[in-house]
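Novice: Can you read through this structure? Questions will come right after.
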Amino acid sequence: MAQAVGVIGLGVIGRPIAERILGAGHPLAVHDIRPEPLVELGRAGAVVCSSPAQVAERSDLVISLVVDETQTHEVLFGARGIVQSVRPGTVIAIGSTLGPLPLRRMGSALHGHGCDTIDMPISGGYIAAREGKLSLMVGAALPVLERALPVLRTFANVVIHAGDIGAGQAAKLAHQLVLTINAMALLEGLSLGAAAGVDPAVLKRIMQSGLAGSTVLQVWEELGPRWKKMFEATPPGVTPPNLRKDLHSALALAHQLGVPLFLGTQASLIADSGIATGHDNPAL
């Protein structure tokens with residue numbers, strides 16, 4: 001019998017995840033603060049809910065995919081949050097990148113309501129979500145993960161158990177640290193080559209054929225423009241884009257653990273200053 005699933009947060013990643021879960025035959029309940037994705041998913045057969053609490057009362061597994069810690073806390077513990085109606089034994093999977101400590105606190109609080117928690121940061125972006133090829137780095141008790149796997153496999157082709165709750169978050173922040181530095185290094189290398197008269201397209205082929213090749217370079221034509229935009233300066237008081245937000249979180253975790261991140265610190269300063277956009281196209 002297919003598990004009943006709830007998805008809360010139908011953004012760039014959440015909506016294609018919900019579509020794949022629904023397409024795999026799972027009863028699906030959805031909630032978002034925006035009406036547009038709800039209308040489309042409702043037409044496709046999902047039950048549209050007016051609150052996270054309504055999602056929880058219909059679901060064996062609830063996946064939260066909202067932006068940050070504040071939104072996640074509201075989804076879980078707010079006046080119309082999951083804990084208001086959740087049944088004991090429900091699995092709550094948190095896909096947002098929040099850091100290990102918040103996840104452990106939330107997991108402990110959810111345990112008090114009889115729920116099991118999966119710490120489930122996601123890598124891969126919109127295209128991978130649409131194709132069911134996301135990567136999940138999971139912190140959870142193995143029996144809990146095994147219960148959720150049939151659903152997770154509908155949208156992820158890589159599910160790696162990193163350890164207990166919080167380990168998935170730590171792994172994601174380490175991943176984002178390397179991704180961000182890699183993307184910035186690629187931009188600088190392309191800028192240098194282009195300034196010296198090498199066609200950037202030729203330079204990319206050369207890099208990909210050598211030891212400088214990377215997954216970042218493989219998907220650059222699709223995702224590079226979006227990553228470059230994340231390195232632009234943001235006005236004071238505005239939350240930085242995801243790559244920079246995650247880099248800030250990685251540095252905060254490193255500070256807590258006493259781990260020096262020399263490259264990460266410099267990368268964050270450069271990205272926040274708005275000077276890391278680089279030139280990978282002669283027209284730029």
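Chain labels A, B, ... are given in the sequence in which chains occur in the structure tokens; within each chain residues are numbered consecutively from 1, and ligands are likewise numbered from 1 in the order shown.
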Using only C-alpha atoms, which residues sit within 10 Å of Arg58 of chain A once same-chain residues fewer than 4 positions away are excluded, as a list of chain:residue names?
Specialist: A:Ala4, A:Val5, A:Gly6, A:Pro27, A:Leu28, A:Ala29, A:Val30, A:Val47, A:Cys49, A:Ala53, A:Gln54, A:Val62, A:Ser85, A:Val86, A:Arg87
Novice: What's the 12 Å shell around Met106 of chain A, counting only C-alpha atoms, without same-chain residues fewer than 6 positions away, as a VMD selection string?
Specialist: chain A and resid 69 to 70 72 to 77 83 92 to 94 98 to 100 112 to 113 115 to 119 165 to 166
Novice: The selected residues should be written to file as a tab-separated table (two decimals), in the first residue's frame (atoms: N, CA, C and O atoms).
Specialist:
chain	number	residue	atom	x	y	z
A	69	GLU	N	15.26	28.55	8.72
A	69	GLU	CA	14.92	28.03	10.04
A	69	GLU	C	13.62	28.62	10.57
A	69	GLU	O	12.79	27.91	11.17
A	70	THR	N	13.42	29.92	10.37
A	70	THR	CA	12.20	30.57	10.86
A	70	THR	C	10.97	29.95	10.23
A	70	THR	O	9.99	29.62	10.92
A	72	THR	N	10.74	26.99	8.77
A	72	THR	CA	10.64	25.59	9.17
A	72	THR	C	10.03	25.47	10.56
A	72	THR	O	9.16	24.61	10.80
A	73	HIS	N	10.46	26.32	11.48
A	73	HIS	CA	9.91	26.28	12.84
A	73	HIS	C	8.41	26.57	12.81
A	73	HIS	O	7.62	25.92	13.53
A	74	GLU	N	7.99	27.51	11.99
A	74	GLU	CA	6.56	27.83	11.88
A	74	GLU	C	5.79	26.65	11.29
A	74	GLU	O	4.68	26.33	11.76
A	75	VAL	N	6.33	26.01	10.28
A	75	VAL	CA	5.69	24.84	9.67
A	75	VAL	C	5.51	23.72	10.70
A	75	VAL	O	4.47	23.06	10.76
A	76	LEU	N	6.53	23.53	11.53
A	76	LEU	CA	6.49	22.42	12.49
A	76	LEU	C	5.68	22.76	13.73
A	76	LEU	O	4.82	21.97	14.16
A	77	PHE	N	5.94	23.94	14.32
A	77	PHE	CA	5.46	24.22	15.67
A	77	PHE	C	4.54	25.43	15.78
A	77	PHE	O	4.14	25.81	16.88
A	83	VAL	N	2.60	19.92	14.36
A	83	VAL	CA	2.39	19.28	15.66
A	83	VAL	C	0.97	19.43	16.17
A	83	VAL	O	0.56	18.74	17.11
A	92	ILE	N	8.77	12.94	9.70
A	92	ILE	CA	8.92	14.31	9.21
A	92	ILE	C	10.30	14.45	8.59
A	92	ILE	O	11.31	14.31	9.28
A	93	ALA	N	10.36	14.70	7.28
A	93	ALA	CA	11.63	14.88	6.57
A	93	ALA	C	11.83	16.36	6.30
A	93	ALA	O	10.97	17.01	5.70
A	94	ILE	N	12.96	16.90	6.74
A	94	ILE	CA	13.25	18.32	6.58
A	94	ILE	C	14.34	18.46	5.53
A	94	ILE	O	15.49	18.06	5.74
A	98	LEU	N	19.68	24.01	7.21
A	98	LEU	CA	19.53	24.84	8.41
A	98	LEU	C	20.73	24.77	9.33
A	98	LEU	O	20.89	25.62	10.21
A	99	GLY	N	21.56	23.74	9.19
A	99	GLY	CA	22.66	23.53	10.12
A	99	GLY	C	22.32	22.43	11.11
A	99	GLY	O	21.15	22.16	11.41
A	100	PRO	N	23.33	21.75	11.67
A	100	PRO	CA	23.09	20.60	12.55
A	100	PRO	C	22.33	20.92	13.83
A	100	PRO	O	21.42	20.17	14.22
A	112	GLY	N	9.14	14.34	20.98
A	112	GLY	CA	8.18	14.51	22.07
A	112	GLY	C	6.74	14.43	21.63
A	112	GLY	O	5.84	14.21	22.45
A	113	HIS	N	6.49	14.59	20.34
A	113	HIS	CA	5.14	14.46	19.78
A	113	HIS	C	4.93	13.09	19.13
A	113	HIS	O	3.93	12.88	18.43
A	115	CYS	N	6.90	11.71	16.80
A	115	CYS	CA	7.30	11.69	15.40
A	115	CYS	C	8.77	11.29	15.25
A	115	CYS	O	9.60	11.56	16.13
A	116	ASP	N	9.09	10.71	14.11
A	116	ASP	CA	10.48	10.44	13.73
A	116	ASP	C	10.92	11.50	12.73
A	116	ASP	O	10.13	11.92	11.87
A	117	THR	N	12.18	11.91	12.82
A	117	THR	CA	12.70	12.98	11.96
A	117	THR	C	13.77	12.46	11.02
A	117	THR	O	14.61	11.64	11.41
A	118	ILE	N	13.72	12.93	9.79
A	118	ILE	CA	14.79	12.70	8.81
A	118	ILE	C	15.40	14.05	8.45
A	118	ILE	O	14.70	14.95	7.98
A	119	ASP	N	16.67	14.18	8.70
A	119	ASP	CA	17.46	15.35	8.32
A	119	ASP	C	17.91	15.09	6.88
A	119	ASP	O	18.73	14.22	6.64
A	165	ILE	N	20.74	12.37	13.13
A	165	ILE	CA	20.19	13.69	12.83
A	165	ILE	C	21.25	14.76	13.06
A	165	ILE	O	21.92	14.78	14.09
A	166	GLY	N	21.43	15.63	12.09
A	166	GLY	CA	22.46	16.66	12.11
A	166	GLY	C	23.60	16.34	11.16
A	166	GLY	O	24.24	17.24	10.62
Novice: Taking the DSSP assignment computed from this structure's backbone, write out as a PyMOL selection string all residues of segment 92-159 of chain A that belong to helix (DSSP H, G or I).
Specialist: chain A and resi 100-111+125-131+142-152
Novice: Export, as a compact mmCIF listing (two decimals), in the first residue's frame, the selected residues with N, CA, C and O atoms.
Specialist:
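Saved result, out03.txt, follows:
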# COMPACT_ATOMS: atom_id res chain seq x y z
N PRO A 100 23.33 21.75 11.67
CA PRO A 100 23.09 20.60 12.55
C PRO A 100 22.33 20.92 13.83
O PRO A 100 21.42 20.17 14.22
N LEU A 101 22.69 22.02 14.51
CA LEU A 101 22.07 22.29 15.81
C LEU A 101 20.57 22.53 15.71
O LEU A 101 19.79 21.96 16.49
N PRO A 102 20.09 23.37 14.79
CA PRO A 102 18.64 23.53 14.66
C PRO A 102 17.92 22.21 14.37
O PRO A 102 16.83 21.96 14.89
N LEU A 103 18.53 21.36 13.52
CA LEU A 103 17.88 20.09 13.20
C LEU A 103 17.78 19.19 14.42
O LEU A 103 16.77 18.52 14.64
N ARG A 104 18.84 19.17 15.22
CA ARG A 104 18.78 18.33 16.42
C ARG A 104 17.74 18.84 17.40
O ARG A 104 17.01 18.04 18.02
N ARG A 105 17.63 20.16 17.53
CA ARG A 105 16.59 20.71 18.43
C ARG A 105 15.20 20.36 17.91
O ARG A 105 14.32 19.95 18.68
N MET A 106 15.00 20.54 16.61
CA MET A 106 13.69 20.23 16.04
C MET A 106 13.37 18.74 16.16
O MET A 106 12.24 18.35 16.48
N GLY A 107 14.36 17.90 15.89
CA GLY A 107 14.16 16.46 15.99
C GLY A 107 13.78 16.04 17.40
O GLY A 107 12.91 15.19 17.59
N SER A 108 14.43 16.64 18.39
CA SER A 108 14.12 16.32 19.79
C SER A 108 12.69 16.74 20.12
O SER A 108 11.94 15.99 20.77
N ALA A 109 12.30 17.93 19.67
CA ALA A 109 10.94 18.41 19.94
C ALA A 109 9.90 17.54 19.23
O ALA A 109 8.84 17.22 19.80
N LEU A 110 10.16 17.14 18.01
CA LEU A 110 9.23 16.29 17.28
C LEU A 110 9.12 14.91 17.93
O LEU A 110 8.04 14.30 17.94
N HIS A 111 10.22 14.42 18.46
CA HIS A 111 10.20 13.13 19.17
C HIS A 111 9.21 13.18 20.33
O HIS A 111 8.52 12.20 20.62
N GLY A 125 19.38 20.67 -7.71
CA GLY A 125 18.70 21.73 -8.41
C GLY A 125 17.45 21.28 -9.15
O GLY A 125 17.04 20.11 -9.12
N TYR A 126 16.83 22.25 -9.83
CA TYR A 126 15.52 22.04 -10.46
C TYR A 126 15.54 20.94 -11.51
O TYR A 126 14.63 20.10 -11.56
N ILE A 127 16.55 20.93 -12.36
CA ILE A 127 16.58 19.95 -13.45
C ILE A 127 16.63 18.54 -12.89
O ILE A 127 15.89 17.65 -13.32
N ALA A 128 17.50 18.32 -11.90
CA ALA A 128 17.59 17.00 -11.29
C ALA A 128 16.29 16.63 -10.58
O ALA A 128 15.87 15.47 -10.60
N ALA A 129 15.63 17.61 -9.94
CA ALA A 129 14.35 17.34 -9.28
C ALA A 129 13.31 16.89 -10.29
O ALA A 129 12.57 15.92 -10.06
N ARG A 130 13.25 17.56 -11.41
CA ARG A 130 12.28 17.23 -12.44
C ARG A 130 12.52 15.83 -13.01
O ARG A 130 11.57 15.11 -13.34
N GLU A 131 13.80 15.43 -13.08
CA GLU A 131 14.15 14.13 -13.67
C GLU A 131 14.25 13.02 -12.64
O GLU A 131 14.53 11.86 -13.00
N LEU A 142 18.49 4.46 10.92
CA LEU A 142 18.35 3.66 9.71
C LEU A 142 16.94 3.08 9.52
O LEU A 142 16.41 3.12 8.39
N PRO A 143 16.28 2.57 10.56
CA PRO A 143 14.93 2.05 10.34
C PRO A 143 13.95 3.14 9.86
O PRO A 143 13.05 2.85 9.07
N VAL A 144 14.14 4.36 10.32
CA VAL A 144 13.28 5.46 9.88
C VAL A 144 13.54 5.77 8.41
O VAL A 144 12.61 5.95 7.61
N LEU A 145 14.81 5.82 8.04
CA LEU A 145 15.16 6.06 6.64
C LEU A 145 14.59 4.97 5.74
O LEU A 145 14.05 5.25 4.66
N GLU A 146 14.67 3.72 6.17
CA GLU A 146 14.18 2.62 5.36
C GLU A 146 12.67 2.71 5.13
O GLU A 146 12.18 2.38 4.05
N ARG A 147 11.94 3.20 6.13
CA ARG A 147 10.50 3.38 5.96
C ARG A 147 10.19 4.43 4.89
O ARG A 147 9.22 4.30 4.14
N ALA A 148 11.01 5.45 4.82
CA ALA A 148 10.76 6.55 3.88
C ALA A 148 11.34 6.32 2.49
O ALA A 148 10.95 7.00 1.54
N LEU A 149 12.25 5.36 2.35
CA LEU A 149 12.98 5.19 1.08
C LEU A 149 12.09 5.03 -0.15
O LEU A 149 12.39 5.61 -1.20
N PRO A 150 11.00 4.26 -0.10
CA PRO A 150 10.19 4.14 -1.32
C PRO A 150 9.70 5.48 -1.86
O PRO A 150 9.60 5.67 -3.07
N VAL A 151 9.42 6.42 -0.96
CA VAL A 151 9.02 7.76 -1.39
C VAL A 151 10.22 8.56 -1.86
O VAL A 151 10.19 9.20 -2.92
N LEU A 152 11.30 8.52 -1.10
CA LEU A 152 12.48 9.30 -1.47
C LEU A 152 13.02 8.89 -2.83
O LEU A 152 13.51 9.73 -3.59
Novice: What is the atom CA of Ala171 of chain A-atom CA of Pro121 of chain A distance in Å, reported with one decimal?
Specialist: 8.5 Å
Novice: A:Leu251, A:Ala156, A:Ala140, A:Val91: which is nearest Ile13 of chain A, counting only C-alpha atoms?
Specialist: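 Closest residue, counting only C-alpha atoms: A:Ala156.
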Novice: What residues in segment 48-122 of chain A get the DSSP label strand (DSSP E or B)? Please answer as a PyMOL selection string.
Specialist: chain A and resi 48+61-64+91-94+116-119+122
Novice: With only C-alpha atoms as the counted atoms, please give the residues lying no more than 12 Å from Ser123 of chain A, apart from itself and same-chain residues fewer than 5 positions off, as a PDB file with N, CA and C atoms, in the first residue's frame.
Specialist:
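The resulting around10.pdb:
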ATOM      1  N   ILE A  13      12.383  23.507  -6.027  1.00  0.00           N
ATOM      2  CA  ILE A  13      12.634  22.086  -5.807  1.00  0.00           C
ATOM      3  C   ILE A  13      11.368  21.367  -5.351  1.00  0.00           C
ATOM      4  N   GLY A  95      13.966  19.038   4.377  1.00  0.00           N
ATOM      5  CA  GLY A  95      14.904  19.153   3.269  1.00  0.00           C
ATOM      6  C   GLY A  95      15.659  20.462   3.221  1.00  0.00           C
ATOM      7  N   SER A  96      15.320  21.405   4.080  1.00  0.00           N
ATOM      8  CA  SER A  96      15.986  22.711   4.079  1.00  0.00           C
ATOM      9  C   SER A  96      17.381  22.589   4.690  1.00  0.00           C
ATOM     10  N   THR A  97      18.271  23.476   4.266  1.00  0.00           N
ATOM     11  CA  THR A  97      19.623  23.522   4.831  1.00  0.00           C
ATOM     12  C   THR A  97      19.627  24.512   5.980  1.00  0.00           C
ATOM     13  N   ALA A 128      17.496  18.322 -11.899  1.00  0.00           N
ATOM     14  CA  ALA A 128      17.590  17.001 -11.286  1.00  0.00           C
ATOM     15  C   ALA A 128      16.291  16.630 -10.582  1.00  0.00           C
ATOM     16  N   ALA A 129      15.629  17.610  -9.943  1.00  0.00           N
ATOM     17  CA  ALA A 129      14.355  17.337  -9.276  1.00  0.00           C
ATOM     18  C   ALA A 129      13.309  16.885 -10.289  1.00  0.00           C
ATOM     19  N   GLY A 132      14.023  13.338 -11.360  1.00  0.00           N
ATOM     20  CA  GLY A 132      14.134  12.323 -10.318  1.00  0.00           C
ATOM     21  C   GLY A 132      15.563  11.933 -10.012  1.00  0.00           C
ATOM     22  N   LYS A 133      16.490  12.873 -10.171  1.00  0.00           N
ATOM     23  CA  LYS A 133      17.909  12.576 -10.004  1.00  0.00           C
ATOM     24  C   LYS A 133      18.568  13.431  -8.928  1.00  0.00           C
ATOM     25  N   LEU A 134      17.807  13.804  -7.919  1.00  0.00           N
ATOM     26  CA  LEU A 134      18.392  14.549  -6.807  1.00  0.00           C
ATOM     27  C   LEU A 134      19.285  13.652  -5.971  1.00  0.00           C
ATOM     28  N   SER A 135      20.175  14.282  -5.216  1.00  0.00           N
ATOM     29  CA  SER A 135      20.999  13.580  -4.230  1.00  0.00           C
ATOM     30  C   SER A 135      20.574  14.021  -2.837  1.00  0.00           C
ATOM     31  N   LEU A 136      20.383  13.065  -1.954  1.00  0.00           N
ATOM     32  CA  LEU A 136      20.008  13.352  -0.573  1.00  0.00           C
ATOM     33  C   LEU A 136      21.117  12.894   0.354  1.00  0.00           C
ATOM     34  N   MET A 137      21.512  13.759   1.275  1.00  0.00           N
ATOM     35  CA  MET A 137      22.453  13.384   2.322  1.00  0.00           C
ATOM     36  C   MET A 137      21.671  13.351   3.626  1.00  0.00           C
ATOM     37  N   VAL A 138      21.539  12.166   4.188  1.00  0.00           N
ATOM     38  CA  VAL A 138      20.527  11.932   5.201  1.00  0.00           C
ATOM     39  C   VAL A 138      21.126  11.689   6.574  1.00  0.00           C
ATOM     40  N   PHE A 155      12.073  10.699  -6.240  1.00  0.00           N
ATOM     41  CA  PHE A 155      12.658  11.950  -6.718  1.00  0.00           C
ATOM     42  C   PHE A 155      14.165  12.033  -6.547  1.00  0.00           C
ATOM     43  N   ALA A 156      14.786  11.017  -5.951  1.00  0.00           N
ATOM     44  CA  ALA A 156      16.239  11.033  -5.745  1.00  0.00           C
ATOM     45  C   ALA A 156      16.830   9.709  -6.202  1.00  0.00           C
ATOM     46  N   ASN A 157      17.896   9.774  -6.987  1.00  0.00           N
ATOM     47  CA  ASN A 157      18.570   8.539  -7.380  1.00  0.00           C
ATOM     48  C   ASN A 157      19.809   8.265  -6.537  1.00  0.00           C
ATOM     49  N   VAL A 158      20.167   9.211  -5.659  1.00  0.00           N
ATOM     50  CA  VAL A 158      21.267   9.013  -4.720  1.00  0.00           C
ATOM     51  C   VAL A 158      20.761   9.372  -3.330  1.00  0.00           C
ATOM     52  N   VAL A 159      20.775   8.389  -2.436  1.00  0.00           N
ATOM     53  CA  VAL A 159      20.391   8.608  -1.040  1.00  0.00           C
ATOM     54  C   VAL A 159      21.507   8.042  -0.184  1.00  0.00           C
ATOM     55  N   ILE A 160      22.240   8.919   0.481  1.00  0.00           N
ATOM     56  CA  ILE A 160      23.408   8.488   1.259  1.00  0.00           C
ATOM     57  C   ILE A 160      23.159   8.763   2.732  1.00  0.00           C
ATOM     58  N   GLY A 168      23.353  14.946   8.191  1.00  0.00           N
ATOM     59  CA  GLY A 168      22.982  15.361   6.842  1.00  0.00           C
ATOM     60  C   GLY A 168      23.249  16.837   6.632  1.00  0.00           C
ATOM     61  N   GLN A 169      22.923  17.652   7.639  1.00  0.00           N
ATOM     62  CA  GLN A 169      23.171  19.087   7.552  1.00  0.00           C
ATOM     63  C   GLN A 169      24.665  19.396   7.445  1.00  0.00           C
ATOM     64  N   ALA A 171      26.995  17.448   6.319  1.00  0.00           N
ATOM     65  CA  ALA A 171      27.470  17.014   5.006  1.00  0.00           C
ATOM     66  C   ALA A 171      27.063  18.019   3.927  1.00  0.00           C
ATOM     67  N   LYS A 172      25.844  18.538   4.012  1.00  0.00           N
ATOM     68  CA  LYS A 172      25.394  19.511   3.007  1.00  0.00           C
ATOM     69  C   LYS A 172      26.231  20.783   3.062  1.00  0.00           C
ATOM     70  N   LEU A 173      26.535  21.269   4.266  1.00  0.00           N
ATOM     71  CA  LEU A 173      27.333  22.496   4.370  1.00  0.00           C
ATOM     72  C   LEU A 173      28.749  22.274   3.838  1.00  0.00           C
ATOM     73  N   ALA A 174      29.322  21.091   4.089  1.00  0.00           N
ATOM     74  CA  ALA A 174      30.641  20.784   3.521  1.00  0.00           C
ATOM     75  C   ALA A 174      30.553  20.731   1.998  1.00  0.00           C
ATOM     76  N   HIS A 175      29.490  20.140   1.495  1.00  0.00           N
ATOM     77  CA  HIS A 175      29.270  20.082   0.042  1.00  0.00           C
ATOM     78  C   HIS A 175      29.159  21.481  -0.548  1.00  0.00           C
ATOM     79  N   GLN A 176      28.373  22.351   0.085  1.00  0.00           N
ATOM     80  CA  GLN A 176      28.177  23.703  -0.433  1.00  0.00           C
ATOM     81  C   GLN A 176      29.463  24.521  -0.372  1.00  0.00           C
ATOM     82  N   LEU A 179      31.390  23.308  -3.409  1.00  0.00           N
ATOM     83  CA  LEU A 179      30.714  23.769  -4.623  1.00  0.00           C
ATOM     84  C   LEU A 179      30.964  25.248  -4.875  1.00  0.00           C
ATOM     85  N   ASN A 242      21.003  31.418  -1.880  1.00  0.00           N
ATOM     86  CA  ASN A 242      21.282  30.164  -1.178  1.00  0.00           C
ATOM     87  C   ASN A 242      22.753  29.806  -1.060  1.00  0.00           C
ATOM     88  N   LEU A 243      23.517  29.919  -2.161  1.00  0.00           N
ATOM     89  CA  LEU A 243      24.923  29.525  -2.083  1.00  0.00           C
ATOM     90  C   LEU A 243      25.653  30.320  -1.017  1.00  0.00           C
TER      91      LEU A 243
END
Novice: Need the shell around Gly45 of chain A: protein/DNA/RNA residues with any atom at most 8 Å away, counting only C-alpha atoms. Skip same-chain ones fewer than 3 positions apart. Format as a list of chain:residue names?
Specialist: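 Residues near the query, excluding close chain neighbours: A:Leu22, A:Leu28, A:Leu41, A:Gly42.
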Novice: Between atom CA of Pro37 of chain A and atom CA of Gly9 of chain A, measure the distance and give it in Å to one decimal.
Specialist: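 Taking atom CA of Pro37 of chain A and atom CA of Gly9 of chain A, their separation equals 9.5 Å.
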Novice: So, counting only C-alpha atoms, which residue among A:Gln256, A:Thr154, A:Ser268, A:Gln218 is closest to Ala233 of chain A?
Specialist: A:Ser268
Novice: Tell me, in Å to one decimal, how far atom CA of Ala254 of chain A is from atom CA of Asp68 of chain A.
Specialist: 19.4 Å
Novice: Within 9 Å of Ser273 of chain A, counting only C-alpha atoms, which residues show up once you throw out same-chain ones fewer than 2 positions away? Write them as a list of chain:residue names, please.
Specialist: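 Contacts, in chain order: A:Phe231, A:Glu232, A:Ala233, A:Thr234, A:Ser268, A:Leu269, A:Ile270, A:Ala271, A:Ile275, A:Ala276.
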Novice: Rank nothing, just name the residue among A:Pro52, A:Pro16, A:Gly11, A:Gly25 nearest to Val66 of chain A, using only C-alpha atoms.
Specialist: A:Gly11
Novice: Let me make sure I understand: among A:Pro241, A:Pro88, A:Gly23, A:Gly14, which one has the smallest atom-to-atom distance to Ala2 of chain A if we use only C-alpha atoms?
Specialist: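 Of all the options, A:Gly23 lies closest to Ala2 of chain A.
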Novice: Within 12 Å of Gly213 of chain A, counting only C-alpha atoms, which residues show up once you throw out same-chain ones fewer than 3 positions away? Write them as a ChimeraX atom specification, please.
Specialist: /A:182-183,185-186,189,203-210,216-220
Novice: So, counting only C-alpha atoms, which residue among A:Arg15, A:His161, A:Arg20, A:Lys229 is closest to Leu38 of chain A?
Specialist: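 Under the stated criterion, the closest residue is A:Arg15.
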